[in-house]
$ cat model.csv   # CSV, N, CA and C atoms
chain,number,residue,atom,x,y,z
T,1,MET,N,0.8,-1.2,0.0
T,1,MET,CA,0.0,0.0,0.0
T,1,MET,C,0.9,1.2,0.0
T,2,SER,N,0.6,2.1,-0.9
T,2,SER,CA,1.4,3.4,-1.0
T,2,SER,C,0.7,4.5,-0.2
T,3,GLY,N,1.5,5.4,0.2
T,3,GLY,CA,0.9,6.6,0.9
T,3,GLY,C,1.8,7.8,0.7
T,4,VAL,N,1.8,8.7,1.5
T,4,VAL,CA,2.6,9.9,1.4
T,4,VAL,C,3.8,9.7,2.4
T,5,GLY,N,5.0,9.9,1.9
T,5,GLY,CA,6.1,9.7,2.7
T,5,GLY,C,6.4,10.9,3.6
T,6,ALA,N,7.5,10.9,4.4
T,6,ALA,CA,7.8,12.0,5.3
T,6,ALA,C,8.1,13.2,4.6
T,7,THR,N,8.6,13.1,3.4
T,7,THR,CA,9.0,14.3,2.6
T,7,THR,C,7.8,14.9,1.8
T,8,GLY,N,6.6,14.3,1.9
T,8,GLY,CA,5.5,14.8,1.2
T,8,GLY,C,5.3,14.0,-0.2
T,9,GLY,N,6.3,13.3,-0.6
T,9,GLY,CA,6.2,12.5,-1.8
T,9,GLY,C,5.6,11.1,-1.5
T,10,PRO,N,5.4,10.4,-2.6
T,10,PRO,CA,4.9,9.0,-2.4
T,10,PRO,C,5.8,8.2,-1.6
T,11,SER,N,5.3,7.4,-0.7
T,11,SER,CA,6.1,6.4,0.0
T,11,SER,C,6.3,5.1,-0.8
T,12,ALA,N,7.3,4.4,-0.4
T,12,ALA,CA,7.5,3.1,-1.1
T,12,ALA,C,6.4,2.1,-0.7
T,13,PRO,N,6.0,1.2,-1.6
T,13,PRO,CA,5.0,0.2,-1.2
T,13,PRO,C,5.5,-0.6,-0.1
T,14,ALA,N,4.6,-1.0,0.7
T,14,ALA,CA,4.9,-1.9,1.9
T,14,ALA,C,5.4,-3.3,1.3
T,15,ALA,N,6.4,-3.8,2.0
T,15,ALA,CA,6.8,-5.2,1.6
T,15,ALA,C,5.8,-6.2,1.9
T,16,PRO,N,5.6,-7.2,1.1
T,16,PRO,CA,4.6,-8.2,1.4
T,16,PRO,C,5.0,-9.0,2.6
T,17,ALA,N,4.0,-9.3,3.4
T,17,ALA,CA,4.2,-10.0,4.6
T,17,ALA,C,4.7,-11.4,4.3
T,18,THR,N,5.6,-11.9,5.1
T,18,THR,CA,6.2,-13.2,5.0
T,18,THR,C,5.1,-14.3,5.3
T,19,ARG,N,4.9,-15.2,4.5
T,19,ARG,CA,3.9,-16.3,4.8
T,19,ARG,C,4.6,-17.3,5.6
T,20,GLN,N,3.9,-17.7,6.7
T,20,GLN,CA,4.5,-18.7,7.6
T,20,GLN,C,3.4,-19.8,7.9
T,21,LEU,N,3.9,-21.0,8.0
T,21,LEU,CA,3.1,-22.1,8.3
T,21,LEU,C,3.7,-22.8,9.5
T,22,ALA,N,2.8,-23.1,10.5
T,22,ALA,CA,3.2,-23.8,11.7
T,22,ALA,C,2.6,-25.2,11.6
T,23,ILE,N,3.4,-26.2,11.9
T,23,ILE,CA,2.9,-27.6,12.0
T,23,ILE,C,3.1,-28.1,13.4
T,24,VAL,N,2.0,-28.6,14.0
T,24,VAL,CA,2.1,-29.2,15.3
T,24,VAL,C,1.9,-30.7,15.1
T,25,LEU,N,2.9,-31.5,15.6
T,25,LEU,CA,2.9,-32.9,15.5
T,25,LEU,C,2.8,-33.6,16.9
T,26,ALA,N,1.7,-34.3,17.1
T,26,ALA,CA,1.6,-34.9,18.4
T,26,ALA,C,1.3,-36.4,18.3
T,27,THR,N,1.4,-37.0,17.1
T,27,THR,CA,1.1,-38.4,16.9
T,27,THR,C,2.4,-39.2,16.6
T,28,GLY,N,2.4,-40.4,17.0
T,28,GLY,CA,3.5,-41.3,16.9
T,28,GLY,C,3.8,-41.8,15.5
T,29,PRO,N,4.8,-42.6,15.3
T,29,PRO,CA,5.2,-43.1,14.0
T,29,PRO,C,4.2,-44.0,13.4
T,30,ALA,N,3.4,-44.7,14.1
T,30,ALA,CA,2.4,-45.7,13.5
T,30,ALA,C,1.3,-44.9,12.7
T,31,ARG,N,1.0,-43.7,13.1
T,31,ARG,CA,0.0,-43.0,12.3
T,31,ARG,C,0.5,-42.5,11.0
T,32,GLY,N,1.8,-42.3,10.8
T,32,GLY,CA,2.3,-41.8,9.6
T,32,GLY,C,2.1,-40.3,9.3
T,33,ASP,N,1.8,-39.6,10.4
T,33,ASP,CA,1.6,-38.1,10.2
T,33,ASP,C,2.9,-37.3,10.0
T,34,LEU,N,4.0,-37.8,10.4
T,34,LEU,CA,5.2,-37.1,10.2
T,34,LEU,C,5.5,-37.1,8.6
T,35,ARG,N,5.2,-38.1,8.0
T,35,ARG,CA,5.4,-38.2,6.5
T,35,ARG,C,4.4,-37.1,5.9
T,36,ARG,N,3.2,-37.1,6.3
T,36,ARG,CA,2.2,-36.1,5.8
T,36,ARG,C,2.7,-34.7,6.1
T,37,ALA,N,3.1,-34.5,7.3
T,37,ALA,CA,3.6,-33.2,7.7
T,37,ALA,C,4.8,-32.8,6.9
T,38,ALA,N,5.7,-33.7,6.6
T,38,ALA,CA,6.9,-33.4,5.8
T,38,ALA,C,6.5,-33.1,4.4
T,39,ASP,N,5.6,-33.8,3.8
T,39,ASP,CA,5.1,-33.5,2.5
T,39,ASP,C,4.5,-32.1,2.4
T,40,LEU,N,3.7,-31.8,3.4
T,40,LEU,CA,3.1,-30.4,3.4
T,40,LEU,C,4.2,-29.4,3.6
T,41,ALA,N,5.2,-29.6,4.5
T,41,ALA,CA,6.3,-28.7,4.7
T,41,ALA,C,7.1,-28.4,3.4
T,42,ARG,N,7.4,-29.5,2.7
T,42,ARG,CA,8.2,-29.4,1.5
T,42,ARG,C,7.4,-28.6,0.4
T,43,ALA,N,6.1,-28.9,0.3
T,43,ALA,CA,5.3,-28.2,-0.7
T,43,ALA,C,5.3,-26.7,-0.3
T,44,ALA,N,5.1,-26.4,1.0
T,44,ALA,CA,5.1,-25.0,1.4
T,44,ALA,C,6.5,-24.3,1.1
T,45,ARG,N,7.5,-25.0,1.4
T,45,ARG,CA,8.9,-24.4,1.2
T,45,ARG,C,9.1,-24.1,-0.3
T,46,ALA,N,8.6,-25.0,-1.2
T,46,ALA,CA,8.7,-24.9,-2.6
T,46,ALA,C,8.1,-23.6,-3.2
T,47,VAL,N,7.2,-23.1,-2.5
T,47,VAL,CA,6.5,-21.8,-2.9
T,47,VAL,C,6.9,-20.6,-2.0
T,48,GLY,N,8.0,-20.8,-1.2
T,48,GLY,CA,8.5,-19.7,-0.4
T,48,GLY,C,7.9,-19.5,0.9
T,49,VAL,N,7.1,-20.4,1.4
T,49,VAL,CA,6.5,-20.2,2.7
T,49,VAL,C,7.4,-20.7,3.8
T,50,GLU,N,7.6,-19.9,4.8
T,50,GLU,CA,8.4,-20.3,6.0
T,50,GLU,C,7.7,-21.4,6.8
T,51,VAL,N,8.4,-22.4,7.2
T,51,VAL,CA,7.7,-23.5,7.9
T,51,VAL,C,8.4,-23.7,9.3
T,52,ALA,N,7.6,-23.9,10.3
T,52,ALA,CA,8.1,-24.3,11.6
T,52,ALA,C,7.3,-25.4,12.2
T,53,MET,N,7.9,-26.4,12.8
T,53,MET,CA,7.2,-27.5,13.3
T,53,MET,C,7.5,-27.7,14.8
T,54,PHE,N,6.5,-28.0,15.6
T,54,PHE,CA,6.7,-28.3,17.0
T,54,PHE,C,6.2,-29.7,17.2
T,55,ALA,N,7.1,-30.6,17.7
T,55,ALA,CA,6.7,-32.0,18.0
T,55,ALA,C,6.6,-32.1,19.5
T,56,MET,N,5.4,-32.7,19.9
T,56,MET,CA,5.2,-33.0,21.3
T,56,MET,C,4.6,-34.3,21.5
T,57,HIS,N,4.5,-34.8,22.7
T,57,HIS,CA,3.9,-36.1,23.1
T,57,HIS,C,4.5,-37.2,22.1
T,58,ASP,N,3.6,-38.0,21.5
T,58,ASP,CA,4.1,-39.0,20.6
T,58,ASP,C,4.8,-38.5,19.4
T,59,GLY,N,4.6,-37.3,19.0
T,59,GLY,CA,5.3,-36.7,17.9
T,59,GLY,C,6.8,-36.7,18.0
T,60,VAL,N,7.3,-36.7,19.3
T,60,VAL,CA,8.7,-36.8,19.6
T,60,VAL,C,9.2,-38.1,19.2
T,61,ASP,N,8.4,-39.2,19.4
T,61,ASP,CA,8.8,-40.5,19.0
T,61,ASP,C,8.9,-40.6,17.4
T,62,ALA,N,8.0,-39.9,16.8
T,62,ALA,CA,8.0,-39.9,15.3
T,62,ALA,C,9.3,-39.3,14.8
T,63,LEU,N,9.7,-38.2,15.4
T,63,LEU,CA,11.0,-37.6,15.0
T,63,LEU,C,12.2,-38.6,15.2
T,64,ALA,N,12.2,-39.2,16.4
T,64,ALA,CA,13.3,-40.2,16.7
T,64,ALA,C,13.3,-41.4,15.7
T,65,ALA,N,12.1,-41.8,15.2
T,65,ALA,CA,12.0,-42.9,14.3
T,65,ALA,C,12.4,-42.6,12.9
T,66,ALA,N,12.5,-41.3,12.5
T,66,ALA,CA,12.7,-40.9,11.1
T,66,ALA,C,13.8,-39.8,11.0
T,67,PRO,N,15.0,-40.2,11.3
T,67,PRO,CA,16.1,-39.2,11.3
T,67,PRO,C,16.3,-38.7,9.9
T,68,GLY,N,16.1,-39.5,8.8
T,68,GLY,CA,16.3,-39.0,7.5
T,68,GLY,C,15.3,-37.9,7.1
T,69,THR,N,14.0,-38.1,7.5
T,69,THR,CA,13.0,-37.1,7.3
T,69,THR,C,13.3,-35.8,8.0
T,70,VAL,N,13.7,-35.9,9.2
T,70,VAL,CA,14.1,-34.8,10.0
T,70,VAL,C,15.2,-34.0,9.3
T,71,ALA,N,16.3,-34.7,8.9
T,71,ALA,CA,17.4,-34.1,8.3
T,71,ALA,C,17.0,-33.4,7.0
T,72,ALA,N,16.1,-34.1,6.2
T,72,ALA,CA,15.6,-33.4,4.9
T,72,ALA,C,14.9,-32.2,5.2
T,73,LEU,N,14.0,-32.2,6.2
T,73,LEU,CA,13.3,-30.9,6.6
T,73,LEU,C,14.2,-29.8,7.0
T,74,LEU,N,15.2,-30.2,7.8
T,74,LEU,CA,16.2,-29.2,8.2
T,74,LEU,C,17.0,-28.6,7.0
T,75,ASP,N,17.3,-29.5,6.1
T,75,ASP,CA,18.0,-29.1,4.9
T,75,ASP,C,17.1,-28.1,4.0
T,76,ASP,N,15.8,-28.3,4.1
T,76,ASP,CA,14.9,-27.4,3.4
T,76,ASP,C,14.6,-26.2,4.2
T,77,ASP,N,15.3,-25.9,5.2
T,77,ASP,CA,15.2,-24.7,6.1
T,77,ASP,C,13.9,-24.7,6.8
T,78,CYS,N,13.4,-25.8,7.2
T,78,CYS,CA,12.3,-25.9,8.1
T,78,CYS,C,12.8,-25.8,9.6
T,79,GLU,N,12.2,-25.0,10.4
T,79,GLU,CA,12.5,-25.0,11.8
T,79,GLU,C,11.8,-26.1,12.5
T,80,ILE,N,12.5,-26.9,13.3
T,80,ILE,CA,11.9,-28.0,14.1
T,80,ILE,C,12.3,-27.9,15.5
T,81,ILE,N,11.3,-27.9,16.4
T,81,ILE,CA,11.5,-27.9,17.8
T,81,ILE,C,10.8,-29.0,18.4
T,82,ALA,N,11.4,-29.8,19.3
T,82,ALA,CA,10.7,-30.9,20.0
T,82,ALA,C,10.5,-30.4,21.5
T,83,CYS,N,9.4,-30.8,22.0
T,83,CYS,CA,9.0,-30.5,23.4
T,83,CYS,C,10.0,-31.2,24.4
T,84,ALA,N,10.7,-30.4,25.2
T,84,ALA,CA,11.7,-31.0,26.1
T,84,ALA,C,11.1,-31.9,27.1
T,85,SER,N,9.9,-31.6,27.6
T,85,SER,CA,9.3,-32.4,28.6
T,85,SER,C,8.9,-33.8,28.0
T,86,SER,N,8.4,-33.8,26.8
T,86,SER,CA,8.0,-35.0,26.1
T,86,SER,C,9.3,-35.9,25.8
T,87,ALA,N,10.3,-35.2,25.3
T,87,ALA,CA,11.6,-35.9,25.0
T,87,ALA,C,12.2,-36.5,26.3
T,88,THR,N,12.2,-35.7,27.4
T,88,THR,CA,12.8,-36.2,28.6
T,88,THR,C,12.0,-37.4,29.2
T,89,ALA,N,10.7,-37.4,29.1
T,89,ALA,CA,9.9,-38.5,29.5
T,89,ALA,C,10.2,-39.8,28.8
T,90,ARG,N,10.7,-39.6,27.6
T,90,ARG,CA,11.0,-40.8,26.7
T,90,ARG,C,12.5,-41.1,26.7
T,91,GLY,N,13.3,-40.4,27.5
T,91,GLY,CA,14.7,-40.7,27.6
T,91,GLY,C,15.4,-40.2,26.3
T,92,LEU,N,14.9,-39.2,25.6
T,92,LEU,CA,15.5,-38.7,24.4
T,92,LEU,C,16.0,-37.3,24.6
T,93,GLY,N,17.1,-37.0,23.9
T,93,GLY,CA,17.7,-35.7,24.0
T,93,GLY,C,17.9,-35.1,22.6
T,94,GLU,N,18.5,-34.0,22.5
T,94,GLU,CA,18.7,-33.3,21.2
T,94,GLU,C,19.5,-34.2,20.2
T,95,ALA,N,20.5,-34.9,20.7
T,95,ALA,CA,21.3,-35.8,19.9
T,95,ALA,C,20.5,-36.9,19.3
T,96,ASP,N,19.5,-37.4,20.1
T,96,ASP,CA,18.6,-38.5,19.6
T,96,ASP,C,17.7,-38.0,18.5
T,97,LEU,N,17.3,-36.8,18.6
T,97,LEU,CA,16.2,-36.3,17.7
T,97,LEU,C,16.8,-35.5,16.6
T,98,GLY,N,17.9,-34.9,16.7
T,98,GLY,CA,18.5,-34.1,15.7
T,98,GLY,C,17.9,-32.7,15.6
T,99,VAL,N,17.2,-32.3,16.6
T,99,VAL,CA,16.5,-30.9,16.6
T,99,VAL,C,16.7,-30.3,18.0
T,100,LEU,N,16.4,-29.1,18.1
T,100,LEU,CA,16.5,-28.4,19.4
T,100,LEU,C,15.3,-28.8,20.3
T,101,LEU,N,15.5,-28.8,21.6
T,101,LEU,CA,14.4,-29.1,22.5
T,101,LEU,C,13.9,-27.7,23.0
T,102,GLY,N,12.6,-27.6,23.2
T,102,GLY,CA,12.1,-26.4,23.6
T,102,GLY,C,10.9,-26.6,24.5
T,103,SER,N,10.2,-25.6,24.8
T,103,SER,CA,9.1,-25.6,25.8
T,103,SER,C,7.8,-25.3,25.1
T,104,GLN,N,6.7,-25.3,25.9
T,104,GLN,CA,5.4,-24.9,25.4
T,104,GLN,C,5.4,-23.4,25.1
T,105,ASP,N,6.4,-22.6,25.6
T,105,ASP,CA,6.5,-21.2,25.2
T,105,ASP,C,6.9,-21.2,23.8
T,106,ASP,N,7.8,-22.1,23.3
T,106,ASP,CA,8.2,-22.1,21.9
T,106,ASP,C,7.1,-22.5,21.0
T,107,HIS,N,6.3,-23.4,21.5
T,107,HIS,CA,5.1,-23.8,20.8
T,107,HIS,C,4.1,-22.6,20.6
T,108,ALA,N,3.9,-21.9,21.7
T,108,ALA,CA,3.0,-20.7,21.6
T,108,ALA,C,3.5,-19.7,20.7
T,109,ALA,N,4.8,-19.4,20.7
T,109,ALA,CA,5.4,-18.4,19.8
T,109,ALA,C,5.4,-18.8,18.4
T,110,LEU,N,5.6,-20.1,18.1
T,110,LEU,CA,5.5,-20.6,16.7
T,110,LEU,C,4.1,-20.4,16.2
T,111,VAL,N,3.1,-20.8,16.9
T,111,VAL,CA,1.7,-20.7,16.5
T,111,VAL,C,1.4,-19.2,16.4
T,112,HIS,N,1.8,-18.4,17.3
T,112,HIS,CA,1.5,-16.9,17.2
T,112,HIS,C,2.0,-16.3,15.9
T,113,ARG,N,3.2,-16.6,15.5
T,113,ARG,CA,3.7,-15.9,14.4
T,113,ARG,C,3.3,-16.5,13.0
T,114,ALA,N,2.6,-17.6,13.0
T,114,ALA,CA,2.2,-18.3,11.8
T,114,ALA,C,0.9,-17.7,11.3
T,115,GLY,N,0.8,-17.7,10.0
T,115,GLY,CA,-0.5,-17.3,9.3
T,115,GLY,C,-1.4,-18.4,9.3
T,116,ARG,N,-0.9,-19.6,9.2
T,116,ARG,CA,-1.7,-20.8,9.2
T,116,ARG,C,-1.1,-21.9,10.1
T,117,VAL,N,-2.0,-22.7,10.7
T,117,VAL,CA,-1.5,-23.8,11.6
T,117,VAL,C,-2.2,-25.0,11.2
T,118,VAL,N,-1.4,-26.1,11.1
T,118,VAL,CA,-1.9,-27.4,10.8
T,118,VAL,C,-1.5,-28.3,12.0
T,119,SER,N,-2.4,-29.0,12.6
T,119,SER,CA,-2.1,-29.9,13.7
T,119,SER,C,-2.4,-31.3,13.4
T,120,PHE,N,-1.5,-32.2,13.7
T,120,PHE,CA,-1.6,-33.6,13.6
T,120,PHE,C,-1.7,-34.1,15.1
T,121,THR,N,-2.9,-34.3,15.5
T,121,THR,CA,-3.1,-34.7,16.9
T,121,THR,C,-4.0,-36.0,17.1

$ encode --input "model.csv" --output "structure tokens"
Amino acid sequence: MSGVGATGGPSAPAAPATRQLAIVLATGPARGDLRRAADLARAARAVGVEVAMFAMHDGVDALAAAPGTVAALLDDDCEIIACASSATARGLGEADLGVLLGSQDDHAALVHRAGRVVSFT
């Protein structure tokens, strides 16, 4: 949107807002939702959408069971955070998951900044 700049002349058009997708994964490997989430994330990245994923509850197990998928998502510049409480309860750490551990504060921030949220629960 253009307007009048500080000097009285036309101002530059506003930059388009960055499109962001948040994916929440709370289901385990047996459901296959990590694959679906990864397909969605890759499709979004292909059209320039920023993607962030928060894995909690059984979703942490899904990450641990699919290190190749996790690595591919990280290579595609997807942000992935796993719930530290869920990981600790399962005896898993950052080295086991290949992603940062975070809290529900991270979950809330990820959802807050996203234009769209898809949850696998």

$ residues_around --input "model.csv" --residues "Thr27 (chain T)" --least-positions-apart "5" --cutoff "5 Å" --atoms "only N, CA and C atoms" --output "ChimeraX atom specification"
/T:58-59,120

$ residues_around --input "model.csv" --residues "Ala52 (chain T)" --least-positions-apart "3" --cutoff "8 Å" --atoms "only C-alpha atoms" --output "mmCIF file with N, CA and C atoms, in the coordinates of the input"
data_model
loop_
_atom_site.group_PDB
_atom_site.id
_atom_site.type_symbol
_atom_site.label_atom_id
_atom_site.label_comp_id
_atom_site.auth_asym_id
_atom_site.auth_seq_id
_atom_site.Cartn_x
_atom_site.Cartn_y
_atom_site.Cartn_z
ATOM 1 N N GLN T 20 3.900 -17.700 6.700
ATOM 2 C CA GLN T 20 4.500 -18.700 7.600
ATOM 3 C C GLN T 20 3.400 -19.800 7.900
ATOM 4 N N LEU T 21 3.900 -21.000 8.000
ATOM 5 C CA LEU T 21 3.100 -22.100 8.300
ATOM 6 C C LEU T 21 3.700 -22.800 9.500
ATOM 7 N N ALA T 22 2.800 -23.100 10.500
ATOM 8 C CA ALA T 22 3.200 -23.800 11.700
ATOM 9 C C ALA T 22 2.600 -25.200 11.600
ATOM 10 N N ILE T 23 3.400 -26.200 11.900
ATOM 11 C CA ILE T 23 2.900 -27.600 12.000
ATOM 12 C C ILE T 23 3.100 -28.100 13.400
ATOM 13 N N CYS T 78 13.400 -25.800 7.200
ATOM 14 C CA CYS T 78 12.300 -25.900 8.100
ATOM 15 C C CYS T 78 12.800 -25.800 9.600
ATOM 16 N N GLU T 79 12.200 -25.000 10.400
ATOM 17 C CA GLU T 79 12.500 -25.000 11.800
ATOM 18 C C GLU T 79 11.800 -26.100 12.500
ATOM 19 N N ILE T 80 12.500 -26.900 13.300
ATOM 20 C CA ILE T 80 11.900 -28.000 14.100
ATOM 21 C C ILE T 80 12.300 -27.900 15.500
ATOM 22 N N ILE T 81 11.300 -27.900 16.400
ATOM 23 C CA ILE T 81 11.500 -27.900 17.800
ATOM 24 C C ILE T 81 10.800 -29.000 18.400
ATOM 25 N N LEU T 110 5.600 -20.100 18.100
ATOM 26 C CA LEU T 110 5.500 -20.600 16.700
ATOM 27 C C LEU T 110 4.100 -20.400 16.200
#

$ residues_around --input "model.csv" --residues "region 29-31 of chain T" --least-positions-apart "6" --cutoff "8 Å" --atoms "only N, CA and C atoms" --output "short mmCIF file (atom, residue, chain, number, x, y, z; two decimals) with N, CA and C atoms, in the coordinates of the input"
data_model
loop_
_atom_site.label_atom_id
_atom_site.label_comp_id
_atom_site.auth_asym_id
_atom_site.auth_seq_id
_atom_site.Cartn_x
_atom_site.Cartn_y
_atom_site.Cartn_z
N ASP T 58 3.60 -38.00 21.50
CA ASP T 58 4.10 -39.00 20.60
C ASP T 58 4.80 -38.50 19.40
N GLY T 59 4.60 -37.30 19.00
CA GLY T 59 5.30 -36.70 17.90
C GLY T 59 6.80 -36.70 18.00
N VAL T 60 7.30 -36.70 19.30
CA VAL T 60 8.70 -36.80 19.60
C VAL T 60 9.20 -38.10 19.20
N ASP T 61 8.40 -39.20 19.40
CA ASP T 61 8.80 -40.50 19.00
C ASP T 61 8.90 -40.60 17.40
N ALA T 62 8.00 -39.90 16.80
CA ALA T 62 8.00 -39.90 15.30
C ALA T 62 9.30 -39.30 14.80
N LEU T 63 9.70 -38.20 15.40
CA LEU T 63 11.00 -37.60 15.00
C LEU T 63 12.20 -38.60 15.20
N ALA T 65 12.10 -41.80 15.20
CA ALA T 65 12.00 -42.90 14.30
C ALA T 65 12.40 -42.60 12.90
N ALA T 66 12.50 -41.30 12.50
CA ALA T 66 12.70 -40.90 11.10
C ALA T 66 13.80 -39.80 11.00
#

$ closest_residue --input "model.csv" --among "T:Thr69, T:Ser86, T:Thr18, T:Gln104" --to "Glu50 (chain T)" --atoms "all atoms listed in the file"
T:Thr18

$ atom_distance --input "model.csv" --atom1 "CA of Asp76 (chain T)" --atom2 "CA of Gly48 (chain T)"
10.7 Å

$ atom_distance --input "model.csv" --atom1 "atom C of Val111 (chain T)" --atom2 "atom C of Leu25 (chain T)"
14.5 Å

$ atom_distance --input "model.csv" --atom1 "CA of Ala84 (chain T)" --atom2 "atom N of Ala108 (chain T)"
12.8 Å

$ residues_around --input "model.csv" --residues "Arg19 (chain T)" --least-positions-apart "2" --cutoff "7 Å" --atoms "all atoms listed in the file" --output "ChimeraX atom specification"
/T:16-17,21,48-51,114-116

$ write_last_selection --input "model.csv" --atoms "N, CA and C atoms" --output "mmCIF file, in the coordinates of the input"
data_model
loop_
_atom_site.group_PDB
_atom_site.id
_atom_site.type_symbol
_atom_site.label_atom_id
_atom_site.label_comp_id
_atom_site.auth_asym_id
_atom_site.auth_seq_id
_atom_site.Cartn_x
_atom_site.Cartn_y
_atom_site.Cartn_z
ATOM 1 N N PRO T 16 5.600 -7.200 1.100
ATOM 2 C CA PRO T 16 4.600 -8.200 1.400
ATOM 3 C C PRO T 16 5.000 -9.000 2.600
ATOM 4 N N ALA T 17 4.000 -9.300 3.400
ATOM 5 C CA ALA T 17 4.200 -10.000 4.600
ATOM 6 C C ALA T 17 4.700 -11.400 4.300
ATOM 7 N N LEU T 21 3.900 -21.000 8.000
ATOM 8 C CA LEU T 21 3.100 -22.100 8.300
ATOM 9 C C LEU T 21 3.700 -22.800 9.500
ATOM 10 N N GLY T 48 8.000 -20.800 -1.200
ATOM 11 C CA GLY T 48 8.500 -19.700 -0.400
ATOM 12 C C GLY T 48 7.900 -19.500 0.900
ATOM 13 N N VAL T 49 7.100 -20.400 1.400
ATOM 14 C CA VAL T 49 6.500 -20.200 2.700
ATOM 15 C C VAL T 49 7.400 -20.700 3.800
ATOM 16 N N GLU T 50 7.600 -19.900 4.800
ATOM 17 C CA GLU T 50 8.400 -20.300 6.000
ATOM 18 C C GLU T 50 7.700 -21.400 6.800
ATOM 19 N N VAL T 51 8.400 -22.400 7.200
ATOM 20 C CA VAL T 51 7.700 -23.500 7.900
ATOM 21 C C VAL T 51 8.400 -23.700 9.300
ATOM 22 N N ALA T 114 2.600 -17.600 13.000
ATOM 23 C CA ALA T 114 2.200 -18.300 11.800
ATOM 24 C C ALA T 114 0.900 -17.700 11.300
ATOM 25 N N GLY T 115 0.800 -17.700 10.000
ATOM 26 C CA GLY T 115 -0.500 -17.300 9.300
ATOM 27 C C GLY T 115 -1.400 -18.400 9.300
ATOM 28 N N ARG T 116 -0.900 -19.600 9.200
ATOM 29 C CA ARG T 116 -1.700 -20.800 9.200
ATOM 30 C C ARG T 116 -1.100 -21.900 10.100
#

$ closest_residue --input "model.csv" --among "T:Ala82, T:Ala41, T:Gly98, T:Leu92" --to "Val70 (chain T)" --atoms "only N, CA and C atoms"
T:Gly98

$ select_by_dssp --input "model.csv" --residues "chain T" --states "helix (DSSP H, G or I)" --output "number ranges by chain"
T: 29-31, 33-46, 58-65, 67-75, 84-89, 94-97, 104-113

$ closest_residue --input "model.csv" --among "T:Ala37, T:Arg45, T:Ala95, T:His57" --to "Asp77 (chain T)" --atoms "all atoms listed in the file"
T:Arg45

$ select_by_dssp --input "model.csv" --residues "region 22-85 of chain T" --states "strand (DSSP E or B)" --output "MDAnalysis selection string"
chainID T and resid 22:25 50:55 79:83

$ residues_around --input "model.csv" --residues "Ser85 (chain T)" --least-positions-apart "6" --cutoff "9 Å" --atoms "only C-alpha atoms" --output "PyMOL selection string"
chain T and resi 56-57+101-103

$ closest_residue --input "model.csv" --among "T:Leu97, T:Ala89, T:Cys83, T:Arg36" --to "Ala64 (chain T)" --atoms "all atoms listed in the file"
T:Leu97
